[in-house]
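**Student:** This is upload_36.pdb (PDB, C-alpha atoms).
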```pdb
ATOM      1  CA  MET A   1    -216.584-196.570  25.514
ATOM      2  CA  ALA A   2    -215.378-193.157  24.446
ATOM      3  CA  ASN A   3    -211.914-192.103  25.420
ATOM      4  CA  THR A   4    -212.186-189.401  28.085
ATOM      5  CA  TYR A   5    -208.523-188.560  28.616
ATOM      6  CA  THR A   6    -207.290-187.489  25.206
ATOM      7  CA  LEU A   7    -204.105-186.004  23.851
ATOM      8  CA  ILE A   8    -205.196-182.868  21.995
ATOM      9  CA  GLU A   9    -201.783-181.815  20.786
ATOM     10  CA  SER A  10    -198.094-182.264  21.504
ATOM     11  CA  LYS A  11    -195.428-179.727  20.712
ATOM     12  CA  THR A  12    -191.714-179.194  20.862
ATOM     13  CA  SER A  13    -190.081-175.801  20.753
ATOM     14  CA  THR A  14    -186.716-174.108  20.508
ATOM     15  CA  SER A  15    -188.189-170.621  20.385
ATOM     16  CA  SER A  16    -189.295-168.362  23.229
ATOM     17  CA  SER A  17    -192.918-169.431  23.200
ATOM     18  CA  VAL A  18    -195.275-172.328  22.667
ATOM     19  CA  ILE A  19    -198.835-171.697  21.566
ATOM     20  CA  PHE A  20    -201.751-174.097  21.657
ATOM     21  CA  THR A  21    -204.465-172.623  19.477
ATOM     22  CA  SER A  22    -207.934-173.639  18.416
ATOM     23  CA  ILE A  23    -208.460-175.665  21.555
ATOM     24  CA  PRO A  24    -211.759-177.496  21.027
ATOM     25  CA  ALA A  25    -214.573-176.824  23.471
ATOM     26  CA  THR A  26    -215.529-180.473  23.666
ATOM     27  CA  TYR A  27    -213.836-181.319  26.960
ATOM     28  CA  THR A  28    -214.572-180.532  30.593
ATOM     29  CA  ASP A  29    -211.054-179.798  31.819
ATOM     30  CA  LEU A  30    -207.593-179.463  30.292
ATOM     31  CA  LYS A  31    -204.304-180.858  31.484
ATOM     32  CA  LEU A  32    -200.977-179.473  30.316
ATOM     33  CA  VAL A  33    -197.800-181.446  30.986
ATOM     34  CA  THR A  34    -194.416-179.953  30.151
ATOM     35  CA  SER A  35    -190.799-181.036  30.307
ATOM     36  CA  CYS A  36    -188.610-178.083  29.458
ATOM     37  CA  ARG A  37    -185.334-176.322  29.820
ATOM     38  CA  GLY A  38    -184.149-172.843  28.856
ATOM     39  CA  SER A  39    -181.313-171.783  26.598
ATOM     40  CA  SER A  40    -180.159-168.834  28.687
ATOM     41  CA  ASN A  41    -177.642-168.891  31.511
ATOM     42  CA  THR A  42    -179.884-167.244  34.052
ATOM     43  CA  SER A  43    -178.720-167.693  37.619
ATOM     44  CA  GLY A  44    -181.108-169.348  40.042
ATOM     45  CA  THR A  45    -184.478-170.563  38.851
ATOM     46  CA  SER A  46    -186.367-169.429  35.812
ATOM     47  CA  TRP A  47    -190.027-169.492  34.849
ATOM     48  CA  TYR A  48    -192.239-169.571  31.839
ATOM     49  CA  THR A  49    -195.258-167.328  31.833
ATOM     50  CA  LEU A  50    -198.864-167.816  30.788
ATOM     51  CA  SER A  51    -201.176-166.029  28.407
ATOM     52  CA  LEU A  52    -204.766-167.114  27.850
ATOM     53  CA  ASN A  53    -206.520-166.187  24.645
ATOM     54  CA  GLY A  54    -203.543-163.999  23.836
ATOM     55  CA  VAL A  55    -203.548-161.886  26.988
ATOM     56  CA  ASN A  56    -201.566-162.103  30.206
ATOM     57  CA  THR A  57    -203.543-159.662  32.319
ATOM     58  CA  ASN A  58    -205.873-160.358  35.240
ATOM     59  CA  LEU A  59    -203.801-163.356  36.264
ATOM     60  CA  ASN A  60    -203.075-163.932  39.932
ATOM     61  CA  ALA A  61    -201.335-166.893  41.545
ATOM     62  CA  PHE A  62    -200.407-167.978  45.028
ATOM     63  CA  ILE A  63    -197.223-170.024  45.166
ATOM     64  CA  LEU A  64    -195.889-172.410  47.775
ATOM     65  CA  GLN A  65    -192.452-173.854  47.106
ATOM     66  CA  ALA A  66    -189.632-175.586  48.941
ATOM     67  CA  ASP A  67    -185.921-175.966  48.313
ATOM     68  CA  GLY A  68    -185.174-178.599  50.906
ATOM     69  CA  GLY A  69    -184.494-176.017  53.575
ATOM     70  CA  SER A  70    -187.390-173.662  53.717
ATOM     71  CA  VAL A  71    -190.899-173.095  52.429
ATOM     72  CA  THR A  72    -191.653-169.809  50.765
ATOM     73  CA  ALA A  73    -194.897-168.262  49.598
ATOM     74  CA  ALA A  74    -195.476-165.593  47.011
ATOM     75  CA  ASN A  75    -198.222-163.765  45.190
ATOM     76  CA  VAL A  76    -197.406-163.433  41.497
ATOM     77  CA  THR A  77    -199.199-162.668  38.267
ATOM     78  CA  ASP A  78    -198.431-164.685  35.141
ATOM     79  CA  LEU A  79    -195.636-167.007  36.307
ATOM     80  CA  LEU A  80    -196.848-170.522  35.570
ATOM     81  CA  GLY A  81    -194.104-173.158  35.397
ATOM     82  CA  GLN A  82    -190.428-173.770  35.963
ATOM     83  CA  ASN A  83    -187.942-173.718  33.104
ATOM     84  CA  ASN A  84    -184.518-174.945  34.188
ATOM     85  CA  PRO A  85    -181.904-172.470  32.894
ATOM     86  CA  ASN A  86    -178.984-173.602  30.809
ATOM     87  CA  SER A  87    -176.642-172.911  33.715
ATOM     88  CA  THR A  88    -178.015-175.894  35.625
ATOM     89  CA  THR A  89    -176.778-179.456  35.231
ATOM     90  CA  ALA A  90    -176.906-180.582  31.618
ATOM     91  CA  ASP A  91    -179.852-182.684  30.505
ATOM     92  CA  VAL A  92    -181.950-181.845  33.570
ATOM     93  CA  PHE A  93    -185.362-180.615  32.510
ATOM     94  CA  SER A  94    -188.072-179.011  34.625
ATOM     95  CA  SER A  95    -191.305-180.963  34.990
ATOM     96  CA  ASN A  96    -194.614-179.153  35.207
ATOM     97  CA  ASN A  97    -198.199-180.258  35.524
ATOM     98  CA  HIS A  98    -201.085-177.811  35.007
ATOM     99  CA  TYR A  99    -204.767-178.691  35.488
ATOM    100  CA  ILE A 100    -207.194-176.178  33.988
ATOM    101  CA  TYR A 101    -210.693-176.513  35.424
ATOM    102  CA  ASN A 102    -213.875-175.887  33.525
ATOM    103  CA  TYR A 103    -212.111-174.025  30.723
ATOM    104  CA  THR A 104    -215.225-173.393  28.630
ATOM    105  CA  SER A 105    -217.304-171.856  31.414
ATOM    106  CA  SER A 106    -218.215-168.212  31.739
ATOM    107  CA  GLU A 107    -216.747-168.117  35.247
ATOM    108  CA  TYR A 108    -213.270-167.233  36.477
ATOM    109  CA  LYS A 109    -210.754-169.850  35.382
ATOM    110  CA  VAL A 110    -208.549-171.650  37.859
ATOM    111  CA  ILE A 111    -205.353-173.560  37.088
ATOM    112  CA  LEU A 112    -203.692-175.896  39.537
ATOM    113  CA  ASN A 113    -199.937-176.103  39.020
ATOM    114  CA  GLU A 114    -197.237-178.457  40.287
ATOM    115  CA  TYR A 115    -193.585-178.244  39.343
ATOM    116  CA  VAL A 116    -190.177-179.563  40.120
ATOM    117  CA  ASN A 117    -186.883-178.048  39.072
ATOM    118  CA  GLU A 118    -183.975-180.350  39.784
ATOM    119  CA  ASN A 119    -180.267-179.748  39.671
ATOM    120  CA  ASN A 120    -177.423-182.120  40.365
ATOM    121  CA  SER A 121    -176.263-180.015  43.255
ATOM    122  CA  THR A 122    -177.000-179.378  46.882
ATOM    123  CA  SER A 123    -178.732-176.170  45.928
ATOM    124  CA  ALA A 124    -180.841-174.584  43.208
ATOM    125  CA  TYR A 125    -183.481-177.260  43.095
ATOM    126  CA  ILE A 126    -187.038-176.497  43.887
ATOM    127  CA  THR A 127    -190.425-178.129  44.126
ATOM    128  CA  GLY A 128    -193.657-176.311  44.445
ATOM    129  CA  PHE A 129    -197.269-175.847  43.607
ATOM    130  CA  SER A 130    -199.526-172.942  42.935
ATOM    131  CA  GLY A 131    -203.022-171.942  42.013
ATOM    132  CA  THR A 132    -203.601-169.452  39.227
ATOM    133  CA  VAL A 133    -206.830-167.499  38.814
ATOM    134  CA  TRP A 134    -207.764-165.737  35.601
ATOM    135  CA  SER A 135    -210.352-163.136  36.480
ATOM    136  CA  GLY A 136    -210.389-161.445  33.118
ATOM    137  CA  THR A 137    -213.067-161.599  30.488
ATOM    138  CA  PRO A 138    -214.971-164.734  31.421
ATOM    139  CA  ALA A 139    -214.664-166.338  28.020
ATOM    140  CA  ALA A 140    -213.886-169.907  27.114
ATOM    141  CA  ILE A 141    -210.171-170.593  26.832
ATOM    142  CA  THR A 142    -209.312-171.181  23.186
ATOM    143  CA  SER A 143    -205.564-170.663  23.271
ATOM    144  CA  VAL A 144    -202.759-171.136  25.776
ATOM    145  CA  THR A 145    -199.358-169.491  25.330
ATOM    146  CA  LEU A 146    -196.260-170.320  27.342
ATOM    147  CA  THR A 147    -193.366-167.860  27.087
ATOM    148  CA  THR A 148    -189.883-168.031  28.581
ATOM    149  CA  GLN A 149    -188.796-165.285  30.938
ATOM    150  CA  THR A 150    -185.510-165.033  29.053
ATOM    151  CA  GLY A 151    -184.061-166.755  26.007
ATOM    152  CA  ASN A 152    -185.632-169.733  24.273
ATOM    153  CA  PHE A 153    -186.769-173.180  25.212
ATOM    154  CA  ALA A 154    -183.948-175.684  24.751
ATOM    155  CA  ALA A 155    -184.024-178.555  22.283
ATOM    156  CA  ASN A 156    -186.017-181.584  23.426
ATOM    157  CA  SER A 157    -188.433-179.521  25.491
ATOM    158  CA  THR A 158    -191.881-181.093  25.181
ATOM    159  CA  PHE A 159    -195.404-179.813  25.787
ATOM    160  CA  TYR A 160    -198.515-182.012  25.900
ATOM    161  CA  LEU A 161    -202.088-180.761  26.102
ATOM    162  CA  TYR A 162    -204.770-183.261  27.135
ATOM    163  CA  GLY A 163    -208.531-182.949  27.248
ATOM    164  CA  ILE A 164    -210.522-184.598  30.028
ATOM    165  CA  LYS A 165    -214.193-185.277  29.522
ATOM    166  CA  ASN A 166    -216.612-186.053  32.306
ATOM    167  CA  SER A 167    -219.011-188.115  30.249
TER     168      SER A 167
ATOM    169  CA  MET B 168    -200.223-201.299  26.502
ATOM    170  CA  ALA B 169    -203.462-201.934  28.291
ATOM    171  CA  ALA B 170    -206.389-202.162  25.926
ATOM    172  CA  GLY B 171    -209.043-200.736  28.207
ATOM    173  CA  GLN B 172    -209.749-197.207  29.281
ATOM    174  CA  THR B 173    -207.996-196.340  32.524
ATOM    175  CA  TYR B 174    -209.429-192.895  33.313
ATOM    176  CA  THR B 175    -213.175-193.243  33.388
ATOM    177  CA  PRO B 176    -215.865-190.764  34.384
ATOM    178  CA  ILE B 177    -218.069-192.736  36.759
ATOM    179  CA  ALA B 178    -220.684-190.103  37.496
ATOM    180  CA  THR B 179    -221.227-186.378  37.094
ATOM    181  CA  SER B 180    -223.654-184.323  39.099
ATOM    182  CA  THR B 181    -224.475-180.865  37.815
ATOM    183  CA  LEU B 182    -226.909-179.386  40.278
ATOM    184  CA  GLY B 183    -230.212-178.252  38.817
ATOM    185  CA  SER B 184    -231.257-176.733  42.122
ATOM    186  CA  ASN B 185    -229.648-175.751  45.397
ATOM    187  CA  THR B 186    -228.603-178.927  47.182
ATOM    188  CA  ALA B 187    -227.288-179.464  50.700
ATOM    189  CA  THR B 188    -225.772-182.900  50.189
ATOM    190  CA  VAL B 189    -224.158-184.534  47.164
ATOM    191  CA  SER B 190    -223.415-188.253  47.309
ATOM    192  CA  PHE B 191    -221.669-190.852  45.180
ATOM    193  CA  SER B 192    -221.998-194.608  45.447
ATOM    194  CA  SER B 193    -221.621-197.556  43.065
ATOM    195  CA  PHE B 194    -218.025-197.023  42.026
ATOM    196  CA  SER B 195    -216.475-200.443  42.341
ATOM    197  CA  GLY B 196    -213.836-201.870  40.022
ATOM    198  CA  TYR B 197    -211.162-199.184  40.066
ATOM    199  CA  THR B 198    -207.814-198.702  41.783
ATOM    200  CA  ASP B 199    -208.057-195.027  42.719
ATOM    201  CA  LEU B 200    -210.716-192.333  42.528
ATOM    202  CA  ILE B 201    -210.474-188.687  41.512
ATOM    203  CA  LEU B 202    -213.189-186.242  42.462
ATOM    204  CA  VAL B 203    -213.246-182.897  40.670
ATOM    205  CA  SER B 204    -215.692-180.336  41.973
ATOM    206  CA  VAL B 205    -216.404-176.785  40.909
ATOM    207  CA  ALA B 206    -218.818-175.478  43.501
ATOM    208  CA  ARG B 207    -220.375-172.396  45.018
ATOM    209  CA  HIS B 208    -222.695-172.004  47.996
ATOM    210  CA  THR B 209    -226.000-170.206  48.308
ATOM    211  CA  GLY B 210    -224.981-167.568  50.854
ATOM    212  CA  SER B 211    -222.323-164.891  51.035
ATOM    213  CA  GLY B 212    -218.733-165.071  52.202
ATOM    214  CA  MET B 213    -216.822-168.322  52.531
ATOM    215  CA  VAL B 214    -217.937-171.591  54.094
ATOM    216  CA  GLY B 215    -216.263-174.938  54.623
ATOM    217  CA  ALA B 216    -216.963-177.787  52.218
ATOM    218  CA  TYR B 217    -216.756-181.251  53.708
ATOM    219  CA  ILE B 218    -216.259-184.820  52.593
ATOM    220  CA  ASN B 219    -217.143-187.993  54.520
ATOM    221  CA  PHE B 220    -216.910-191.672  53.650
ATOM    222  CA  ASN B 221    -219.405-194.447  54.321
ATOM    223  CA  SER B 222    -221.531-192.008  56.386
ATOM    224  CA  ASP B 223    -218.853-192.012  59.087
ATOM    225  CA  THR B 224    -219.068-188.779  61.095
ATOM    226  CA  GLY B 225    -216.998-189.980  64.025
ATOM    227  CA  ALA B 226    -213.592-188.541  64.889
ATOM    228  CA  ASN B 227    -211.946-190.872  62.393
ATOM    229  CA  TYR B 228    -210.272-188.500  59.965
ATOM    230  CA  SER B 229    -206.945-186.734  60.017
ATOM    231  CA  GLN B 230    -205.805-183.874  57.854
ATOM    232  CA  THR B 231    -202.498-182.035  57.554
ATOM    233  CA  ARG B 232    -202.584-178.904  55.453
ATOM    234  CA  LEU B 233    -200.119-176.500  53.910
ATOM    235  CA  TYR B 234    -201.564-173.300  52.547
ATOM    236  CA  THR B 235    -200.895-169.710  51.632
ATOM    237  CA  ASN B 236    -202.748-166.490  51.079
ATOM    238  CA  GLY B 237    -199.846-165.232  49.009
ATOM    239  CA  SER B 238    -197.925-163.556  51.791
ATOM    240  CA  GLY B 239    -196.870-166.459  53.978
ATOM    241  CA  SER B 240    -197.204-170.182  54.432
ATOM    242  CA  THR B 241    -199.149-171.952  57.171
ATOM    243  CA  SER B 242    -199.501-175.567  58.158
ATOM    244  CA  ASP B 243    -202.048-177.061  60.513
ATOM    245  CA  ARG B 244    -203.191-180.513  61.520
ATOM    246  CA  ASN B 245    -206.275-182.103  62.970
ATOM    247  CA  ALA B 246    -205.581-185.686  63.989
ATOM    248  CA  SER B 247    -209.135-186.528  65.072
ATOM    249  CA  ALA B 248    -211.530-184.737  62.803
ATOM    250  CA  SER B 249    -215.098-185.811  62.207
ATOM    251  CA  THR B 250    -214.895-184.795  58.561
ATOM    252  CA  ILE B 251    -212.387-183.559  55.988
ATOM    253  CA  GLU B 252    -212.598-179.936  54.921
ATOM    254  CA  TYR B 253    -211.872-180.324  51.224
ATOM    255  CA  ASN B 254    -212.377-176.698  50.282
ATOM    256  CA  TYR B 255    -213.432-173.305  51.513
ATOM    257  CA  ILE B 256    -215.969-172.224  48.925
ATOM    258  CA  GLY B 257    -217.354-168.815  48.160
ATOM    259  CA  GLY B 258    -220.804-167.491  47.477
ATOM    260  CA  SER B 259    -219.694-165.393  44.530
ATOM    261  CA  ASN B 260    -217.360-167.564  42.478
ATOM    262  CA  PHE B 261    -217.310-171.233  41.642
ATOM    263  CA  THR B 262    -214.403-172.814  43.469
ATOM    264  CA  PRO B 263    -212.529-175.854  42.132
ATOM    265  CA  THR B 264    -211.125-178.805  44.035
ATOM    266  CA  TYR B 265    -209.113-181.865  43.015
ATOM    267  CA  VAL B 266    -209.381-184.867  45.350
ATOM    268  CA  ASN B 267    -207.365-188.057  44.848
ATOM    269  CA  ILE B 268    -208.597-191.042  46.878
ATOM    270  CA  MET B 269    -206.024-193.809  46.672
ATOM    271  CA  ASN B 270    -206.503-197.554  46.976
ATOM    272  CA  TYR B 271    -210.041-196.903  48.143
ATOM    273  CA  SER B 272    -211.377-200.427  47.890
ATOM    274  CA  ASN B 273    -208.822-202.341  49.918
ATOM    275  CA  SER B 274    -209.888-203.821  53.241
ATOM    276  CA  ILE B 275    -206.450-203.787  54.860
ATOM    277  CA  SER B 276    -205.225-200.215  55.251
ATOM    278  CA  TYR B 277    -206.491-196.804  56.242
ATOM    279  CA  LYS B 278    -207.365-194.674  53.216
ATOM    280  CA  PRO B 279    -205.081-191.796  52.141
ATOM    281  CA  ILE B 280    -206.546-188.783  50.362
ATOM    282  CA  LEU B 281    -204.634-186.007  48.580
ATOM    283  CA  ILE B 282    -206.466-182.728  48.067
ATOM    284  CA  LYS B 283    -205.561-179.555  46.191
ATOM    285  CA  TRP B 284    -207.686-176.471  45.975
ATOM    286  CA  ASN B 285    -207.979-172.796  45.417
ATOM    287  CA  SER B 286    -210.551-170.875  47.325
ATOM    288  CA  LEU B 287    -211.932-167.839  45.554
ATOM    289  CA  GLY B 288    -213.108-164.779  47.371
ATOM    290  CA  ASN B 289    -214.896-161.932  45.733
ATOM    291  CA  GLY B 290    -212.918-161.578  42.554
ATOM    292  CA  SER B 291    -209.548-162.978  43.529
ATOM    293  CA  ALA B 292    -207.856-165.947  45.067
ATOM    294  CA  SER B 293    -208.102-166.225  48.824
ATOM    295  CA  TYR B 294    -206.081-169.341  49.571
ATOM    296  CA  PHE B 295    -204.152-172.014  47.777
ATOM    297  CA  LEU B 296    -203.846-175.238  49.678
ATOM    298  CA  GLU B 297    -202.678-178.824  49.530
ATOM    299  CA  GLU B 298    -203.521-181.365  52.180
ATOM    300  CA  ILE B 299    -202.924-184.999  52.937
ATOM    301  CA  CYS B 300    -205.756-186.686  54.767
ATOM    302  CA  GLN B 301    -206.625-190.087  56.041
ATOM    303  CA  TRP B 302    -209.813-191.919  56.786
ATOM    304  CA  LYS B 303    -208.775-194.106  59.671
ATOM    305  CA  ASN B 304    -210.786-197.106  58.679
ATOM    306  CA  SER B 305    -209.709-200.209  56.780
ATOM    307  CA  SER B 306    -213.113-200.801  55.211
ATOM    308  CA  PRO B 307    -213.525-200.216  51.478
ATOM    309  CA  ILE B 308    -215.013-196.837  50.640
ATOM    310  CA  THR B 309    -218.462-197.396  49.200
ATOM    311  CA  THR B 310    -220.075-193.973  49.558
ATOM    312  CA  ILE B 311    -218.788-190.403  49.354
ATOM    313  CA  THR B 312    -220.825-187.584  50.859
ATOM    314  CA  LEU B 313    -220.209-183.885  50.270
ATOM    315  CA  THR B 314    -221.735-181.202  52.482
ATOM    316  CA  THR B 315    -221.064-177.645  53.587
ATOM    317  CA  SER B 316    -220.776-176.039  57.007
ATOM    318  CA  SER B 317    -223.786-173.870  56.223
ATOM    319  CA  ASN B 318    -226.069-173.128  53.274
ATOM    320  CA  SER B 319    -226.258-175.421  50.236
ATOM    321  CA  TYR B 320    -224.318-176.031  47.058
ATOM    322  CA  THR B 321    -225.808-173.703  44.495
ATOM    323  CA  THR B 322    -227.359-174.502  41.148
ATOM    324  CA  GLY B 323    -224.711-175.139  38.514
ATOM    325  CA  SER B 324    -222.141-176.619  40.876
ATOM    326  CA  THR B 325    -220.569-179.685  39.291
ATOM    327  CA  PHE B 326    -219.095-182.780  40.860
ATOM    328  CA  THR B 327    -217.423-185.477  38.763
ATOM    329  CA  LEU B 328    -216.057-188.762  40.063
ATOM    330  CA  TYR B 329    -213.434-190.496  37.898
ATOM    331  CA  GLY B 330    -212.137-194.005  38.316
ATOM    332  CA  ILE B 331    -208.464-194.814  37.706
ATOM    333  CA  LYS B 332    -207.620-198.378  36.880
ATOM    334  CA  ALA B 333    -204.107-199.738  37.273
ATOM    335  CA  ALA B 334    -204.582-202.342  34.600
TER     336      ALA B 334
END
```
Turn this file's structure into structure tokens for me.

**Tutor:**
Amino acid sequence: MANTYTLIESKTSTSSSVIFTSIPATYTDLKLVTSCRGSSNTSGTSWYTLSLNGVNTNLNAFILQADGGSVTAANVTDLLGQNNPNSTTADVFSSNNHYIYNYTSSEYKVILNEYVNENNSTSAYITGFSGTVWSGTPAAITSVTLTTQTGNFAANSTFYLYGIKNS
Amino acid sequence: MAAGQTYTPIATSTLGSNTATVSFSSFSGYTDLILVSVARHTGSGMVGAYINFNSDTGANYSQTRLYTNGSGSTSDRNASASTIEYNYIGGSNFTPTYVNIMNYSNSISYKPILIKWNSLGNGSASYFLEEICQWKNSSPITTITLTTSSNSYTTGSTFTLYGIKAA
């Protein structure tokens, strides 16, 4: 039986962006799993942003996240995943899971995101989820770019792109 | 490492015509199920999309939801529902849903279901939501039925059921 949950590509990065290019159109959905950390000493939490097919416009996401004390909601544009800044506890990486539905269709694209950003402290950790809609040119997604808000990704950050096939 | 495939597409239904009810059966042999739907309805505006198990339409479902429209968070609960609202789908855009049905074949416990979805209005996201549901029945799930509160699922809507095997 054919494998239907396939690693397309894995990457590491110590620069400010990670780019998956030439994504084959042979799958139904995509799944992107990241474990990352930033090199900058940003206070609080930090994100990485999304570009699809080289553009970061027409992106809209609703976020729900909790810090152990309260739940907050937000409406953002291209913020996709958490990227623990260097000022947080050493060796703690953010974990992110992104599910990209129907990425070859000519419809709006939707990405389901889940993330956790830990810290060995009573504060500055966060867990959340969001849904991103790309309402731009309804083309198949052929490239995905993740870019830090500030600084670079830290060493040992990993990025895995999987393809899921429904037949 | 297990030799066999553990993430298997059991069945995919891509609607060739407008259809009021989509059903799955014959999915034995797995540990968990994942249902991925990308659906639209035949009317205008938004309508509820529903899931039932084993043709049970009694008040035997519970659902607790956390959702946002981008400006605030809301939680609600229905402890005695006759169905599970697994999405709120639009008539303009195809709306995705990710449904995880855990330990569906056991005959001991009630069945937990995790659901994540975006609803899409006319050109933008309307809601992002996660919910934990339960079918309050210890029987194995043998059929899954998907309906809407009004209208039908439109041509081109897709529904894929995956089986996850623990070993």

**Student:** Quick one: apply the ChimeraX specification (/B :<8) & /A to the file and drop the selected residues here as a tab-separated table (two decimals) with C-alpha atoms, in the frame of the given file.

**Tutor:**
```
chain	number	residue	atom	x	y	z
A	1	MET	CA	-216.58	-196.57	25.51
A	3	ASN	CA	-211.91	-192.10	25.42
A	4	THR	CA	-212.19	-189.40	28.08
A	5	TYR	CA	-208.52	-188.56	28.62
A	60	ASN	CA	-203.08	-163.93	39.93
A	61	ALA	CA	-201.34	-166.89	41.54
A	62	PHE	CA	-200.41	-167.98	45.03
A	63	ILE	CA	-197.22	-170.02	45.17
A	64	LEU	CA	-195.89	-172.41	47.78
A	71	VAL	CA	-190.90	-173.10	52.43
A	72	THR	CA	-191.65	-169.81	50.76
A	73	ALA	CA	-194.90	-168.26	49.60
A	74	ALA	CA	-195.48	-165.59	47.01
A	75	ASN	CA	-198.22	-163.76	45.19
A	101	TYR	CA	-210.69	-176.51	35.42
A	102	ASN	CA	-213.88	-175.89	33.52
A	107	GLU	CA	-216.75	-168.12	35.25
A	108	TYR	CA	-213.27	-167.23	36.48
A	110	VAL	CA	-208.55	-171.65	37.86
A	112	LEU	CA	-203.69	-175.90	39.54
A	130	SER	CA	-199.53	-172.94	42.94
A	131	GLY	CA	-203.02	-171.94	42.01
A	133	VAL	CA	-206.83	-167.50	38.81
A	135	SER	CA	-210.35	-163.14	36.48
A	165	LYS	CA	-214.19	-185.28	29.52
A	166	ASN	CA	-216.61	-186.05	32.31
A	167	SER	CA	-219.01	-188.12	30.25
```

**Student:** If you apply the PyMOL selection byres ((chain B and resi 302) around 9) to this file, what residues do you get, as JSON, numbers by chain?

**Tutor:** {"B": [219, 220, 227, 228, 229, 250, 251, 277, 278, 279, 280, 300, 301, 303, 304, 305]}

**Student:** Find the residues around stretch 84-96 of chain A up to 9 Å (all atoms listed in the file counted), leave out those fewer than 3 positions away in its own chain, and share them as a ChimeraX atom specification.

**Tutor:** /A:32-47,80-81,113-121,124,154,157

**Student:** Applied to this file, what does the PyMOL selection byres ((chain A and resi 13-16) around 7) return in terms of residues, put as a PyMOL selection string?

**Tutor:** chain A and resi 11-12+17-18+147-148+151-155+157

**Student:** State, in Å with one decimal place, the distance from atom CA of B:Gly210 to atom CA of B:Ser317.

**Tutor:**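 Spanning atom CA of B:Gly210 to atom CA of B:Ser317 is a straight-line distance of 8.4 Å.
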
**Student:** Just how far from atom CA of B:Thr209 is atom CA of A:Ile111, in Å to one decimal?

**Tutor:**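 Going from atom CA of A:Ile111 over to atom CA of B:Thr209 covers 23.7 Å.
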
**Student:** Which polymer residues have any atom within 9 Å of an atom of B:Ala333, counting only C-alpha atoms, with same-chain residues fewer than 4 positions away left out, as number ranges by chain?

**Tutor:** B: 173, 197-199

**Student:** Using Å and a single decimal, report how far atom CA of A:Leu52 sits from atom CA of A:Ala139.

**Tutor:**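 Atom CA of A:Leu52 lies at a distance of 9.9 Å from atom CA of A:Ala139.
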
**Student:** Excluding B:Asn221 and any residue of its chain fewer than 5 positions from it, enumerate the residues within 7 Å of it, using all atoms listed in the file, and give them as JSON, numbers by chain.

**Tutor:** {"B": [308, 309, 310, 311]}

**Student:** Kindly list the centre and edge lengths in Å, rounded to one decimal, for the axis-aligned box that covers all listed atoms of stretch 171-188 of chain B plus 6 Å on each of its six sides, as AutoDock Vina command-line options.

**Tutor:**
```
--center_x -219.6 --center_y -188.2 --center_z 39.5 --size_x 35.3 --size_y 37.0 --size_z 34.5
```
